[in-house]
Each structure stands twice: as C-alpha cells, then as structure tokens.
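Here is the file input.cif (mmCIF, N, CA and C atoms).
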data_input
loop_
_atom_site.label_atom_id
_atom_site.label_comp_id
_atom_site.auth_asym_id
_atom_site.auth_seq_id
_atom_site.Cartn_x
_atom_site.Cartn_y
_atom_site.Cartn_z
N MET A 10 -19.81 -5.51 44.43
CA MET A 10 -19.96 -4.48 43.41
C MET A 10 -20.61 -3.26 44.05
N ILE A 11 -20.04 -2.12 43.78
CA ILE A 11 -20.58 -0.86 44.28
C ILE A 11 -21.32 -0.18 43.15
N LYS A 12 -22.57 0.15 43.42
CA LYS A 12 -23.37 0.85 42.41
C LYS A 12 -23.43 2.33 42.77
N THR A 13 -23.24 3.15 41.77
CA THR A 13 -23.28 4.60 41.96
C THR A 13 -24.25 5.19 40.97
N LYS A 14 -25.07 6.08 41.45
CA LYS A 14 -26.01 6.76 40.56
C LYS A 14 -25.60 8.23 40.49
N ILE A 15 -25.43 8.69 39.27
CA ILE A 15 -25.02 10.08 39.06
C ILE A 15 -26.14 10.80 38.32
N ASN A 16 -26.60 11.87 38.88
CA ASN A 16 -27.62 12.70 38.24
C ASN A 16 -27.03 14.07 37.95
N PHE A 17 -27.25 14.55 36.75
CA PHE A 17 -26.81 15.90 36.43
C PHE A 17 -27.74 16.48 35.37
N ASN A 18 -27.91 17.75 35.44
CA ASN A 18 -28.72 18.46 34.47
C ASN A 18 -27.79 19.36 33.67
N ALA A 19 -27.60 19.01 32.43
CA ALA A 19 -26.72 19.81 31.58
C ALA A 19 -27.22 19.73 30.15
N GLU A 20 -26.98 20.79 29.44
CA GLU A 20 -27.33 20.79 28.02
C GLU A 20 -26.17 20.21 27.24
N ILE A 21 -26.48 19.40 26.25
CA ILE A 21 -25.44 18.78 25.43
C ILE A 21 -25.33 19.56 24.13
N ASP A 22 -24.11 19.98 23.83
CA ASP A 22 -23.83 20.71 22.60
C ASP A 22 -23.68 19.68 21.48
N THR A 23 -24.77 19.41 20.77
CA THR A 23 -24.75 18.36 19.75
C THR A 23 -23.84 18.71 18.58
N GLU A 24 -23.70 19.98 18.26
CA GLU A 24 -22.80 20.37 17.17
C GLU A 24 -21.35 20.07 17.53
N LYS A 25 -20.97 20.39 18.75
CA LYS A 25 -19.61 20.11 19.20
C LYS A 25 -19.38 18.60 19.28
N LEU A 26 -20.37 17.87 19.76
CA LEU A 26 -20.29 16.42 19.86
C LEU A 26 -20.11 15.80 18.48
N ALA A 27 -20.89 16.27 17.49
CA ALA A 27 -20.79 15.76 16.12
C ALA A 27 -19.42 16.10 15.52
N LYS A 28 -18.92 17.29 15.79
CA LYS A 28 -17.61 17.70 15.28
C LYS A 28 -16.51 16.80 15.87
N ASN A 29 -16.57 16.55 17.17
CA ASN A 29 -15.59 15.68 17.82
C ASN A 29 -15.67 14.26 17.27
N LEU A 30 -16.87 13.78 17.02
CA LEU A 30 -17.06 12.44 16.47
C LEU A 30 -16.47 12.35 15.07
N ASN A 31 -16.72 13.35 14.24
CA ASN A 31 -16.16 13.38 12.88
C ASN A 31 -14.64 13.43 12.91
N GLU A 32 -14.07 14.21 13.81
CA GLU A 32 -12.61 14.28 13.94
C GLU A 32 -12.05 12.92 14.38
N GLY A 33 -12.74 12.27 15.30
CA GLY A 33 -12.32 10.95 15.76
C GLY A 33 -12.33 9.94 14.63
N ILE A 34 -13.37 9.97 13.81
CA ILE A 34 -13.46 9.05 12.67
C ILE A 34 -12.34 9.32 11.67
N LYS A 35 -12.05 10.60 11.41
CA LYS A 35 -10.95 10.95 10.49
C LYS A 35 -9.62 10.45 11.03
N ASN A 36 -9.41 10.58 12.35
CA ASN A 36 -8.16 10.09 12.95
C ASN A 36 -8.05 8.57 12.81
N ILE A 37 -9.14 7.87 13.02
CA ILE A 37 -9.14 6.41 12.87
C ILE A 37 -8.81 6.03 11.43
N GLN A 38 -9.40 6.73 10.46
CA GLN A 38 -9.12 6.44 9.06
C GLN A 38 -7.66 6.69 8.72
N GLU A 39 -7.06 7.74 9.27
CA GLU A 39 -5.64 8.02 9.03
C GLU A 39 -4.76 6.91 9.60
N VAL A 40 -5.08 6.44 10.79
CA VAL A 40 -4.31 5.35 11.39
C VAL A 40 -4.46 4.08 10.56
N MET A 41 -5.67 3.81 10.07
CA MET A 41 -5.89 2.62 9.23
C MET A 41 -5.05 2.70 7.96
N LYS A 42 -4.94 3.88 7.37
CA LYS A 42 -4.11 4.04 6.17
C LYS A 42 -2.64 3.80 6.49
N LYS A 43 -2.16 4.32 7.64
CA LYS A 43 -0.77 4.12 8.04
C LYS A 43 -0.47 2.65 8.27
N LEU A 44 -1.44 1.92 8.82
CA LEU A 44 -1.25 0.49 9.08
C LEU A 44 -1.58 -0.36 7.85
N GLU A 45 -1.92 0.31 6.76
CA GLU A 45 -2.28 -0.34 5.50
C GLU A 45 -3.48 -1.27 5.68
N ILE A 46 -4.43 -0.83 6.49
CA ILE A 46 -5.67 -1.56 6.68
C ILE A 46 -6.69 -0.95 5.72
N PRO A 47 -7.32 -1.76 4.89
CA PRO A 47 -8.30 -1.20 3.95
C PRO A 47 -9.52 -0.66 4.69
N GLU A 48 -10.30 0.12 3.99
CA GLU A 48 -11.50 0.67 4.61
C GLU A 48 -12.52 -0.41 4.94
N GLU A 49 -12.46 -1.52 4.24
CA GLU A 49 -13.42 -2.58 4.50
C GLU A 49 -12.79 -3.61 5.43
N VAL A 50 -13.37 -3.76 6.59
CA VAL A 50 -12.94 -4.77 7.55
C VAL A 50 -14.12 -5.69 7.77
N THR A 51 -13.90 -6.98 7.69
CA THR A 51 -14.99 -7.94 7.83
C THR A 51 -14.67 -8.91 8.95
N GLU A 52 -15.70 -9.44 9.57
CA GLU A 52 -15.52 -10.41 10.65
C GLU A 52 -16.05 -11.75 10.17
N LYS A 53 -15.21 -12.76 10.22
CA LYS A 53 -15.59 -14.09 9.76
C LYS A 53 -15.20 -15.13 10.81
N GLU A 54 -15.91 -16.24 10.80
CA GLU A 54 -15.60 -17.35 11.70
C GLU A 54 -14.52 -18.22 11.07
N ILE A 55 -13.56 -18.63 11.88
CA ILE A 55 -12.51 -19.54 11.41
C ILE A 55 -13.00 -20.95 11.68
N LYS A 56 -13.11 -21.74 10.62
CA LYS A 56 -13.68 -23.09 10.74
C LYS A 56 -12.58 -24.14 10.63
N PRO A 57 -12.74 -25.25 11.36
CA PRO A 57 -11.75 -26.33 11.25
C PRO A 57 -11.77 -26.95 9.85
N PHE A 58 -10.58 -27.35 9.39
CA PHE A 58 -10.45 -27.94 8.05
C PHE A 58 -9.31 -28.94 8.11
N GLY A 59 -9.63 -30.20 8.40
CA GLY A 59 -8.59 -31.22 8.56
C GLY A 59 -7.73 -30.89 9.77
N ASN A 60 -6.41 -30.79 9.56
CA ASN A 60 -5.49 -30.43 10.64
C ASN A 60 -5.19 -28.94 10.66
N ALA A 61 -5.97 -28.15 9.96
CA ALA A 61 -5.74 -26.71 9.87
C ALA A 61 -7.06 -25.96 10.09
N SER A 62 -7.10 -24.72 9.67
CA SER A 62 -8.31 -23.90 9.76
C SER A 62 -8.56 -23.23 8.42
N HIS A 63 -9.78 -22.75 8.24
CA HIS A 63 -10.19 -22.22 6.95
C HIS A 63 -11.08 -21.00 7.18
N ILE A 64 -10.83 -19.93 6.43
CA ILE A 64 -11.70 -18.76 6.46
C ILE A 64 -12.31 -18.62 5.08
N ILE A 65 -13.62 -18.58 5.01
CA ILE A 65 -14.30 -18.48 3.72
C ILE A 65 -14.72 -17.02 3.50
N LEU A 66 -14.27 -16.46 2.38
CA LEU A 66 -14.59 -15.08 2.01
C LEU A 66 -15.30 -15.06 0.67
N PRO A 67 -16.02 -13.98 0.35
CA PRO A 67 -16.67 -13.87 -0.94
C PRO A 67 -15.66 -13.94 -2.10
N LYS A 68 -16.15 -14.37 -3.24
CA LYS A 68 -15.31 -14.55 -4.42
C LYS A 68 -14.62 -13.25 -4.86
N GLU A 69 -15.21 -12.11 -4.54
CA GLU A 69 -14.63 -10.82 -4.93
C GLU A 69 -13.24 -10.60 -4.30
N TYR A 70 -12.91 -11.34 -3.25
CA TYR A 70 -11.61 -11.21 -2.61
C TYR A 70 -10.57 -12.17 -3.17
N ALA A 71 -10.95 -12.96 -4.17
CA ALA A 71 -10.00 -13.91 -4.78
C ALA A 71 -8.80 -13.16 -5.33
N ASN A 72 -7.61 -13.73 -5.14
CA ASN A 72 -6.34 -13.17 -5.60
C ASN A 72 -5.97 -11.84 -4.92
N LYS A 73 -6.58 -11.56 -3.78
CA LYS A 73 -6.24 -10.36 -3.00
C LYS A 73 -5.42 -10.79 -1.80
N LYS A 74 -4.70 -9.85 -1.21
CA LYS A 74 -3.92 -10.12 -0.02
C LYS A 74 -4.79 -9.84 1.21
N ALA A 75 -4.73 -10.73 2.19
CA ALA A 75 -5.51 -10.58 3.41
C ALA A 75 -4.60 -10.54 4.62
N ILE A 76 -4.95 -9.72 5.58
CA ILE A 76 -4.26 -9.68 6.86
C ILE A 76 -5.28 -10.17 7.90
N VAL A 77 -4.90 -11.20 8.63
CA VAL A 77 -5.83 -11.79 9.61
C VAL A 77 -5.37 -11.42 11.00
N ILE A 78 -6.29 -10.88 11.79
CA ILE A 78 -6.02 -10.55 13.19
C ILE A 78 -6.90 -11.46 14.02
N ILE A 79 -6.30 -12.24 14.90
CA ILE A 79 -7.02 -13.20 15.71
C ILE A 79 -7.37 -12.56 17.06
N LYS A 80 -8.67 -12.57 17.39
CA LYS A 80 -9.12 -12.07 18.69
C LYS A 80 -9.20 -13.25 19.65
N LYS A 81 -8.82 -13.03 20.89
CA LYS A 81 -8.91 -14.09 21.90
C LYS A 81 -10.29 -14.11 22.48
#
Take the structure in the file and write it out as structure tokens.
Amino acid sequence: MIKTKINFNAEIDTEKLAKNLNEGIKNIQEVMKKLEIPEEVTEKEIKPFGNASHIILPKEYANKKAIVIIKK
C-alpha cells in the first residue's frame, strides 16, 4: 500500500458547496421518482423462515407494494 499525504491551503466556498449538494439531492430525488422508488427507503434484515425467508415491516406498510433490493 502506498500512502500519500496531500497538503493544500485553500478557502472553501461553502455557499457553492451547499448549492451543489442541494442540486445533487434534487437529482437523486428525480431519479427515485423515475424508478418509482418512494421517498422512504428502509433497511431490514432478512430472517430465515422454514424453507424461505421473511422480512418484518411495521404494520403501517400492510397491504402496500414493496420492492426488495438484495445487497451482496
């Protein structure tokens, strides 16, 4: 492993940084809408259940449609 140390003295334009961050968030929200991903994304553990698996969600999600994305 090669370690590199970079030193620089520069002023950070926080207004520009905040503007870019807000634009990035808006772009992400637009992509989520196009993919029909709701604004609320939750992470849950998939638990074994007999010969299958089970995801337990709060009762407020009963009778709703869910899209599950499996991370490796």
Rounded to one decimal place, report the atom C of Pro47 of chain A-atom CA of Ala61 of chain A distance in Å.
-> 26.8 Å
From atom CA of Val77 of chain A to atom CA of Leu30 of chain A the spacing works out at 27.6 Å
Evaluate the PyMOL selection byres ((chain A and resi 54) around 7) here and jot the selected residues down as a ChimeraX atom specification.
-> /A:52-53,55-56,63-65
Expected answer as JSON, numbers by chain: strand (DSSP E or B) residues in chain A | {"A": [56, 57, 58, 61, 62, 63]}
From a DSSP calculation on the backbone, collect every residue of chain A in helix (DSSP H, G or I) and output the set as a ChimeraX atom specification.
-> /A:23-43,68-70
Saved selection, atoms kept: N, CA and C atoms, as a compact mmCIF listing (two decimals), in the coordinates of the input:
# COMPACT_ATOMS: atom_id res chain seq x y z
N THR A 23 -24.77 19.41 20.77
CA THR A 23 -24.75 18.36 19.75
C THR A 23 -23.84 18.71 18.58
N GLU A 24 -23.70 19.98 18.26
CA GLU A 24 -22.80 20.37 17.17
C GLU A 24 -21.35 20.07 17.53
N LYS A 25 -20.97 20.39 18.75
CA LYS A 25 -19.61 20.11 19.20
C LYS A 25 -19.38 18.60 19.28
N LEU A 26 -20.37 17.87 19.76
CA LEU A 26 -20.29 16.42 19.86
C LEU A 26 -20.11 15.80 18.48
N ALA A 27 -20.89 16.27 17.49
CA ALA A 27 -20.79 15.76 16.12
C ALA A 27 -19.42 16.10 15.52
N LYS A 28 -18.92 17.29 15.79
CA LYS A 28 -17.61 17.70 15.28
C LYS A 28 -16.51 16.80 15.87
N ASN A 29 -16.57 16.55 17.17
CA ASN A 29 -15.59 15.68 17.82
C ASN A 29 -15.67 14.26 17.27
N LEU A 30 -16.87 13.78 17.02
CA LEU A 30 -17.06 12.44 16.47
C LEU A 30 -16.47 12.35 15.07
N ASN A 31 -16.72 13.35 14.24
CA ASN A 31 -16.16 13.38 12.88
C ASN A 31 -14.64 13.43 12.91
N GLU A 32 -14.07 14.21 13.81
CA GLU A 32 -12.61 14.28 13.94
C GLU A 32 -12.05 12.92 14.38
N GLY A 33 -12.74 12.27 15.30
CA GLY A 33 -12.32 10.95 15.76
C GLY A 33 -12.33 9.94 14.63
N ILE A 34 -13.37 9.97 13.81
CA ILE A 34 -13.46 9.05 12.67
C ILE A 34 -12.34 9.32 11.67
N LYS A 35 -12.05 10.60 11.41
CA LYS A 35 -10.95 10.95 10.49
C LYS A 35 -9.62 10.45 11.03
N ASN A 36 -9.41 10.58 12.35
CA ASN A 36 -8.16 10.09 12.95
C ASN A 36 -8.05 8.57 12.81
N ILE A 37 -9.14 7.87 13.02
CA ILE A 37 -9.14 6.41 12.87
C ILE A 37 -8.81 6.03 11.43
N GLN A 38 -9.40 6.73 10.46
CA GLN A 38 -9.12 6.44 9.06
C GLN A 38 -7.66 6.69 8.72
N GLU A 39 -7.06 7.74 9.27
CA GLU A 39 -5.64 8.02 9.03
C GLU A 39 -4.76 6.91 9.60
N VAL A 40 -5.08 6.44 10.79
CA VAL A 40 -4.31 5.35 11.39
C VAL A 40 -4.46 4.08 10.56
N MET A 41 -5.67 3.81 10.07
CA MET A 41 -5.89 2.62 9.23
C MET A 41 -5.05 2.70 7.96
N LYS A 42 -4.94 3.88 7.37
CA LYS A 42 -4.11 4.04 6.17
C LYS A 42 -2.64 3.80 6.49
N LYS A 43 -2.16 4.32 7.64
CA LYS A 43 -0.77 4.12 8.04
C LYS A 43 -0.47 2.65 8.27
N LYS A 68 -16.15 -14.37 -3.24
CA LYS A 68 -15.31 -14.55 -4.42
C LYS A 68 -14.62 -13.25 -4.86
N GLU A 69 -15.21 -12.11 -4.54
CA GLU A 69 -14.63 -10.82 -4.93
C GLU A 69 -13.24 -10.60 -4.30
N TYR A 70 -12.91 -11.34 -3.25
CA TYR A 70 -11.61 -11.21 -2.61
C TYR A 70 -10.57 -12.17 -3.17
